[in-house]
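Raw contents of structure_14.txt, compact mmCIF, C-alpha atoms:
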# COMPACT_ATOMS: atom_id res chain seq x y z
CA MET A 223 -73.04 106.72 120.18
CA ALA A 224 -71.47 105.09 117.12
CA PHE A 225 -67.71 105.27 116.64
CA ILE A 226 -64.94 103.84 114.46
CA ARG A 227 -62.55 101.37 116.06
CA PRO A 228 -60.02 98.70 115.02
CA PHE A 229 -61.37 95.36 113.87
CA ARG A 230 -61.31 92.61 116.50
CA PRO A 231 -61.51 88.83 115.90
CA GLU A 232 -64.90 88.75 117.61
CA ASP A 233 -66.20 91.05 114.83
CA THR A 234 -65.74 88.30 112.23
CA GLU A 235 -69.33 87.06 112.13
CA ASN A 236 -70.69 90.60 111.95
CA ALA A 237 -68.22 91.39 109.17
CA LYS A 238 -69.46 88.37 107.22
CA HIS A 239 -73.02 89.60 107.73
CA ILE A 240 -72.14 93.10 106.50
CA CYS A 241 -70.51 91.66 103.39
CA ARG A 242 -73.51 89.46 102.60
CA SER A 243 -76.05 92.22 103.31
CA THR A 244 -74.40 94.70 100.92
CA LEU A 245 -73.80 92.46 97.90
CA PRO A 246 -74.90 93.70 94.47
CA PRO A 247 -78.05 92.04 93.08
CA SER A 248 -76.28 89.52 90.84
CA LEU A 249 -74.47 88.07 93.85
CA ALA A 250 -77.28 88.52 96.36
CA SER A 251 -79.60 86.44 94.16
CA SER A 252 -77.29 83.40 94.35
CA PRO A 253 -77.30 81.42 97.62
CA ALA A 254 -73.87 80.00 96.78
CA ALA A 255 -72.46 83.48 96.14
CA VAL A 256 -73.95 84.79 99.38
CA ARG A 257 -72.34 81.93 101.28
CA MET A 258 -68.93 82.36 99.65
CA ALA A 259 -68.68 86.16 99.36
CA PRO A 260 -67.03 86.93 102.72
CA TYR A 261 -64.28 84.42 101.94
CA LEU A 262 -63.33 86.45 98.85
CA TRP A 263 -63.86 90.08 99.83
CA THR A 264 -63.73 90.27 103.61
CA LEU A 265 -61.88 87.52 105.47
CA PRO A 266 -58.60 87.64 103.49
CA PHE A 267 -58.08 91.17 104.78
CA THR A 268 -59.32 90.74 108.34
CA HIS A 269 -57.24 87.56 108.70
CA LEU A 270 -53.99 88.65 107.03
CA SER A 271 -54.04 92.43 107.58
CA PRO A 272 -56.16 93.14 110.68
CA GLN A 273 -54.04 96.19 111.54
CA SER A 274 -55.55 98.02 108.55
CA CYS A 275 -59.15 96.93 109.16
CA PHE A 276 -61.69 99.05 111.04
CA VAL A 277 -65.35 98.77 111.91
CA LEU A 278 -68.15 101.17 112.64
CA ASP A 279 -69.38 100.20 116.11
CA ASP A 280 -73.04 101.05 116.80
CA GLY A 281 -72.10 102.03 120.35
CA ASP A 282 -73.15 98.70 121.83
CA GLY A 283 -70.26 96.63 120.50
CA THR A 284 -71.86 95.52 117.22
CA ALA A 285 -70.06 96.20 113.95
CA VAL A 286 -72.48 97.77 111.45
CA GLY A 287 -69.94 98.69 108.79
CA TYR A 288 -66.31 98.16 107.93
CA VAL A 289 -63.41 99.55 105.99
CA ILE A 290 -60.92 96.77 105.35
CA GLY A 291 -57.89 96.26 103.18
CA THR A 292 -54.14 96.07 103.12
CA PRO A 293 -51.32 98.58 102.72
CA ASP A 294 -49.58 96.22 100.27
CA VAL A 295 -51.61 93.83 98.16
CA LEU A 296 -48.43 92.12 96.91
CA ALA A 297 -47.44 91.31 100.50
CA LEU A 298 -50.94 90.02 101.12
CA ALA A 299 -50.62 87.79 98.05
CA ASP A 300 -47.37 86.40 99.41
CA ALA A 301 -49.07 85.61 102.74
CA TYR A 302 -52.18 84.12 101.13
CA PRO A 303 -51.18 80.44 101.58
CA ARG A 304 -51.63 81.00 105.31
CA TYR A 305 -55.19 82.22 104.69
CA VAL A 306 -55.92 79.14 102.59
CA ALA A 307 -54.59 76.82 105.29
CA GLU A 308 -56.11 78.57 108.31
CA VAL A 309 -59.46 79.75 106.92
CA LEU A 310 -60.42 78.11 103.62
CA GLN A 311 -59.24 74.66 104.68
CA SER A 312 -60.87 74.88 108.09
CA GLU A 313 -63.99 72.80 108.67
CA GLN A 314 -66.24 75.85 108.28
CA GLY A 315 -64.30 77.17 105.30
CA GLU A 316 -64.58 73.93 103.33
CA ARG A 317 -68.32 73.79 104.02
CA ASP A 318 -68.85 77.33 102.78
CA VAL A 319 -66.31 77.25 99.92
CA PRO A 320 -65.83 73.72 98.58
CA PRO A 321 -62.29 73.38 97.16
CA PRO A 322 -62.27 73.92 93.38
CA ALA A 323 -61.73 70.99 91.05
CA GLN A 324 -58.87 72.77 89.24
CA LEU A 325 -56.85 75.99 89.43
CA ASP A 326 -55.32 75.99 85.95
CA THR A 327 -58.07 77.73 83.96
CA LEU A 328 -60.48 80.26 85.41
CA GLU A 329 -64.09 79.24 84.91
CA ARG A 330 -66.69 81.60 83.44
CA TRP A 331 -67.99 84.23 85.86
CA SER A 332 -71.62 83.40 85.10
CA VAL A 333 -73.53 80.38 83.83
CA PRO A 334 -77.13 79.87 82.62
CA LEU A 335 -79.65 78.94 85.26
CA ASP A 336 -80.47 75.24 85.36
CA GLY A 337 -82.74 74.30 82.51
CA ASP A 338 -82.01 77.37 80.38
CA GLY A 339 -80.38 77.02 77.01
CA GLU A 340 -77.66 79.17 75.53
CA ASP A 341 -79.02 79.65 72.01
CA ASP A 342 -80.32 83.16 72.70
CA ALA A 343 -77.54 85.42 74.01
CA GLY A 344 -79.93 88.00 75.44
CA LYS A 345 -82.04 85.37 77.12
CA GLU A 346 -78.92 83.69 78.50
CA ALA A 347 -77.70 86.94 80.05
CA ALA A 348 -81.09 87.55 81.63
CA ARG A 349 -81.18 84.04 83.12
CA ALA A 350 -77.54 83.76 84.10
CA THR A 351 -76.31 83.29 87.63
CA VAL A 352 -72.90 83.67 89.22
CA ASN A 353 -70.83 80.53 88.76
CA PRO A 354 -69.95 78.99 92.16
CA ALA A 355 -67.00 77.15 90.59
CA CYS A 356 -65.49 80.49 89.55
CA LEU A 357 -65.98 81.97 93.01
CA ALA A 358 -64.26 78.99 94.63
CA GLN A 359 -61.33 79.37 92.25
CA LEU A 360 -61.00 83.06 93.07
CA ALA A 361 -61.06 82.30 96.78
CA TYR A 362 -58.26 79.76 96.47
CA LYS A 363 -56.05 81.58 93.96
CA VAL A 364 -55.05 85.04 95.09
CA GLN A 365 -53.56 85.98 91.72
CA TRP A 366 -57.01 85.82 90.16
CA LEU A 367 -58.66 87.40 93.17
CA VAL A 368 -56.61 90.59 93.57
CA LEU A 369 -53.91 90.76 90.90
CA GLU A 370 -55.43 89.79 87.57
CA GLY A 371 -59.12 90.64 87.79
CA VAL A 372 -59.02 92.98 84.79
CA GLU A 373 -56.62 93.57 81.94
CA GLY A 374 -53.71 95.57 83.28
CA LYS A 375 -54.64 94.78 86.88
CA ARG A 376 -51.16 93.46 87.68
CA GLU A 377 -49.71 96.84 86.63
CA LEU A 378 -52.32 98.59 88.76
CA ALA A 379 -51.36 96.44 91.76
CA ARG A 380 -47.69 97.33 91.33
CA GLU A 381 -48.45 101.06 91.19
CA TYR A 382 -51.18 101.34 93.83
CA ARG A 383 -50.35 98.63 96.30
CA ALA A 384 -52.85 99.50 99.02
CA MET A 385 -56.33 98.01 98.51
CA LEU A 386 -59.57 99.04 100.19
CA HIS A 387 -63.11 97.67 100.61
CA ILE A 388 -65.82 99.54 102.47
CA ASP A 389 -69.38 98.45 103.29
CA LEU A 390 -72.03 99.83 105.63
CA LEU A 391 -75.39 98.38 106.55
CA GLU A 392 -78.18 100.41 104.97
CA PRO A 393 -79.33 102.31 108.12
CA TRP A 394 -75.78 103.65 108.53
CA GLN A 395 -75.26 104.82 104.96
CA ALA A 396 -75.32 108.47 103.82
CA LYS A 397 -74.54 109.74 107.32
CA GLY A 398 -70.92 110.80 106.79
CA TRP A 399 -69.39 107.61 108.16
CA GLY A 400 -68.02 106.45 104.81
CA ARG A 401 -65.71 109.46 104.46
CA GLN A 402 -64.50 109.15 108.06
CA MET A 403 -63.81 105.44 107.69
CA ILE A 404 -61.83 105.91 104.49
CA GLU A 405 -59.69 108.58 106.16
CA ARG A 406 -59.07 106.21 109.07
CA PHE A 407 -57.87 103.60 106.57
CA VAL A 408 -55.64 106.18 104.85
CA GLU A 409 -54.02 107.03 108.19
CA ALA A 410 -53.34 103.34 108.84
CA VAL A 411 -51.75 102.86 105.42
CA ARG A 412 -49.48 105.86 105.87
CA ALA A 413 -48.45 104.69 109.35
CA SER A 414 -47.93 101.05 108.33
CA GLY A 415 -44.32 101.38 107.21
CA MET A 416 -45.17 99.15 104.24
CA ASP A 417 -44.63 99.90 100.57
CA PHE A 418 -48.01 101.20 99.37
CA GLY A 419 -46.61 102.51 96.08
CA LYS A 420 -48.50 105.53 94.78
CA GLY A 421 -51.51 104.93 96.96
CA ILE A 422 -54.80 103.03 97.18
CA GLN A 423 -56.89 101.10 94.66
CA LEU A 424 -60.47 99.91 94.89
CA GLY A 425 -62.91 98.20 92.57
CA VAL A 426 -66.54 99.18 91.96
CA ALA A 427 -68.93 96.59 90.52
CA GLY A 428 -70.91 97.81 87.53
CA GLU A 429 -74.11 97.30 89.48
CA ASN A 430 -72.84 99.78 92.08
CA ALA A 431 -71.57 102.42 89.65
CA GLU A 432 -73.72 105.06 91.36
CA VAL A 433 -71.12 105.19 94.17
CA VAL A 434 -68.34 106.39 91.84
CA PRO A 435 -69.14 110.09 92.49
CA PHE A 436 -68.82 109.47 96.24
CA TYR A 437 -65.35 108.00 95.79
CA GLU A 438 -64.41 110.94 93.59
CA ARG A 439 -65.47 113.32 96.36
CA VAL A 440 -63.12 111.57 98.81
CA GLY A 441 -60.12 111.79 96.51
CA PHE A 442 -60.32 108.80 94.17
CA ARG A 443 -60.26 108.91 90.38
CA VAL A 444 -60.92 106.34 87.70
CA TYR A 445 -57.73 104.52 86.77
CA PRO A 446 -56.91 104.89 83.04
CA GLY A 447 -58.31 101.82 81.33
CA GLY A 448 -60.01 100.81 84.55
CA GLU A 449 -63.52 100.74 83.12
CA ARG A 450 -64.01 97.24 81.75
CA GLU A 451 -67.04 95.01 81.41
CA GLY A 452 -69.10 97.44 83.47
CA ASN A 453 -66.70 97.42 86.44
CA VAL A 454 -64.61 100.41 87.47
CA TRP A 455 -61.20 100.50 89.12
CA MET A 456 -60.34 103.69 91.01
CA VAL A 457 -57.19 104.98 92.70
CA ARG A 458 -56.20 107.61 95.22
CA GLU A 459 -52.72 109.01 95.51
CA LEU A 460 -51.12 109.19 98.95

Starting from the file, give its structure as C-alpha cells.
Amino acid sequence: MAFIRPFRPEDTENAKHICRSTLPPSLASSPAAVRMAPYLWTLPFTHLSPQSCFVLDDGDGTAVGYVIGTPDVLALADAYPRYVAEVLQSEQGERDVPPPAQLDTLERWSVPLDGDGEDDAGKEAARATVNPACLAQLAYKVQWLVLEGVEGKRELAREYRAMLHIDLLEPWQAKGWGRQMIERFVEAVRASGMDFGKGIQLGVAGENAEVVPFYERVGFRVYPGGEREGNVWMVREL
C-alpha cells in the first residue's frame, strides 16, 4: 500500500525521473531541458533541505511522487554555494548542466529552433525552444532561480519564505495524494523552527494553469501581481 515518507538520498534518481516525467510540454520537448530540469527544480531542495522533502512510496520502496521545498527560501539561497560545489560541480552535474559562460546578464528564456529566422514573431514563437544557456544560468545563480523570477518576486520571497514543489507520476494523480502531501509539507514547515514569514509560495507554469483550482482548494491563492507572462505565483498563509 502506498504511503508518504521522508525523502532519502537513495530516492534521488527516482526524484529526477519524477521531475522529468512531469515537465510541461515546452520543457519536455527539449532534450537539454529534460536533462537539466532536476538540477533547477528538484535537487536544490533535496540536497539543501531534505528535512522538508517527502515522497509518495508505492509500497515497494519506489518514489512515485514528491513534495519538496524549504521552510525558508532566503536561508536556502545563503546555502546555495554548497549545492553548486557538491552537486553542480560534480562530474555528473557538469555533464548534465555545463557551467554557463557568464552570470552577469540572464539570457533569453527561449530561442528559435536551429534554422528558423526571427522575422515573423508568430512563427518564431511557434518554433522556439527553451534556451539551454538560460537554464544553466538559473541553475548556477540562485537569485535568478528562486528570488527574481518575476517582477516583485524578491518581495514575495521576503513575505512568504517557504517554497513548495509537488509532482506525481500520472498513475498516482487525482487520487487524493496531492492534498495529503501538501499537508505533510505544511506540518514540516511549522515544525522546522525556521522563519517562514507569512507562509508558503509556489509557482505554476502557464502551461499547467489548469492546476490552479486544485491549489485554491488546498488553501492557496493567487499572489497580487503574481500573474505574469502566463505564469502564476500562489501563496498560502500559515

I'd like the contact shell of region 314-323 of chain A - 10 Å cut-off, all atoms listed in the file, skipping same-chain residues fewer than 5 positions apart - returned as a list in words.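 Within the cut-off, the hits are Ala254, Ala255, Val256, Arg257, Met258, Ala259, Pro260, Tyr261, Leu262, Val306, Ala307, Glu308, Val309, Pro354, Ala355, Cys356, Leu357, Ala358, Gln359, Leu360, Ala361, Tyr362 and Lys363 of chain A.
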
Exercise for the section: Show which residues sit within 10 Å of Leu390 (chain A), as a list in words. Count all atoms listed in the file, and ignore same-chain residues fewer than 4 positions away. Expected result: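 My reading of the contact set: Ala237, Ile240, Cys241, Ser243, Thr244, Val277, Leu278, Ala285, Val286, Gly287, Tyr288, Val289, Trp394, Gln395, Ala396, Trp399 and Gly400 of chain A.
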
* Asked: Distance CA of Ala299 (chain A)-CA of Gln365 (chain A), one decimal place?
  ->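 CA of Gln365 (chain A) lies 7.2 Å from CA of Ala299 (chain A).
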
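Remark: for Phe276 (chain A), the closest of the candidate residues A:Glu381, A:Asp233, A:Glu392, A:Glu370 is A:Asp233 (distances computed over only C-alpha atoms).
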
Applying 10 Å and all atoms listed in the file, which residues near region 420-433 of chain A remain after dropping the ones on its own chain fewer than 2 positions away? List them as a PyMOL selection string.
chain A and resi 245-248+291-295+368+371+378-388+407-408+411-412+417-418+435-438+442-445+448-460

CA of Lys397 (chain A) sits from CA of Gly441 (chain A) at a separation of 18.1 Å

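The interatomic distance for the pair CA of Ser271 (chain A) and CA of Arg406 (chain A) works out to 14.7 Å.
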
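Using only C-alpha atoms for every distance, the candidate list A:Glu377, A:Asp389, A:Glu232, A:Glu409 yields A:Glu232 as the residue closest to Gly283 (chain A).
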
Pro231 (chain A): which residues within 10 Å, counting all atoms listed in the file, same-chain residues fewer than 3 positions away excluded, as JSON, numbers by chain? {"A": [234, 235, 237, 268, 269, 272]}

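Distance cut-off 8 Å, centre (-73.4, 107.4, 115.5), atoms counted all atoms listed in the file; the residues meeting this are Met223, Ala224, Phe225, Asp280 and Gly281 of chain A.
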
Worksheet entry | Using only C-alpha atoms: which of A:Val364, A:Leu270, A:Val352, A:Ala410 has the shortest distance to Arg304 (chain A) |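 Of A:Val364, A:Leu270, A:Val352, A:Ala410, the one nearest Arg304 (chain A), counting only C-alpha atoms, is A:Leu270.
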
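Closest to Leu369 (chain A) among A:Val440, A:Leu298, A:Leu265, A:Leu249 is A:Leu298, based on only C-alpha atoms.
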
Could you write out as AutoDock Vina command-line options the box around region 425-443 of chain A (axis-aligned, all atoms listed in the file, 6 Å on each side), with centre and edge lengths in Å to one decimal?
--center_x -67.1 --center_y 105.0 --center_z 93.2 --size_x 26.0 --size_y 28.7 --size_z 23.3

So that I can check the surroundings of Leu335 (chain A), please list as a PyMOL selection string every protein, DNA and RNA residue that reaches within 6 Å of it, counting only C-alpha atoms and ignoring chain neighbours fewer than 6 positions away.
chain A and resi 349-351

Same residues, C-alpha atoms, output as an mmCIF file, in the coordinates of the input:
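Result file again.cif:
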data_model
loop_
_atom_site.group_PDB
_atom_site.id
_atom_site.type_symbol
_atom_site.label_atom_id
_atom_site.label_comp_id
_atom_site.auth_asym_id
_atom_site.auth_seq_id
_atom_site.Cartn_x
_atom_site.Cartn_y
_atom_site.Cartn_z
ATOM 1 C CA ARG A 349 -81.180 84.040 83.120
ATOM 2 C CA ALA A 350 -77.540 83.760 84.100
ATOM 3 C CA THR A 351 -76.310 83.290 87.630
#
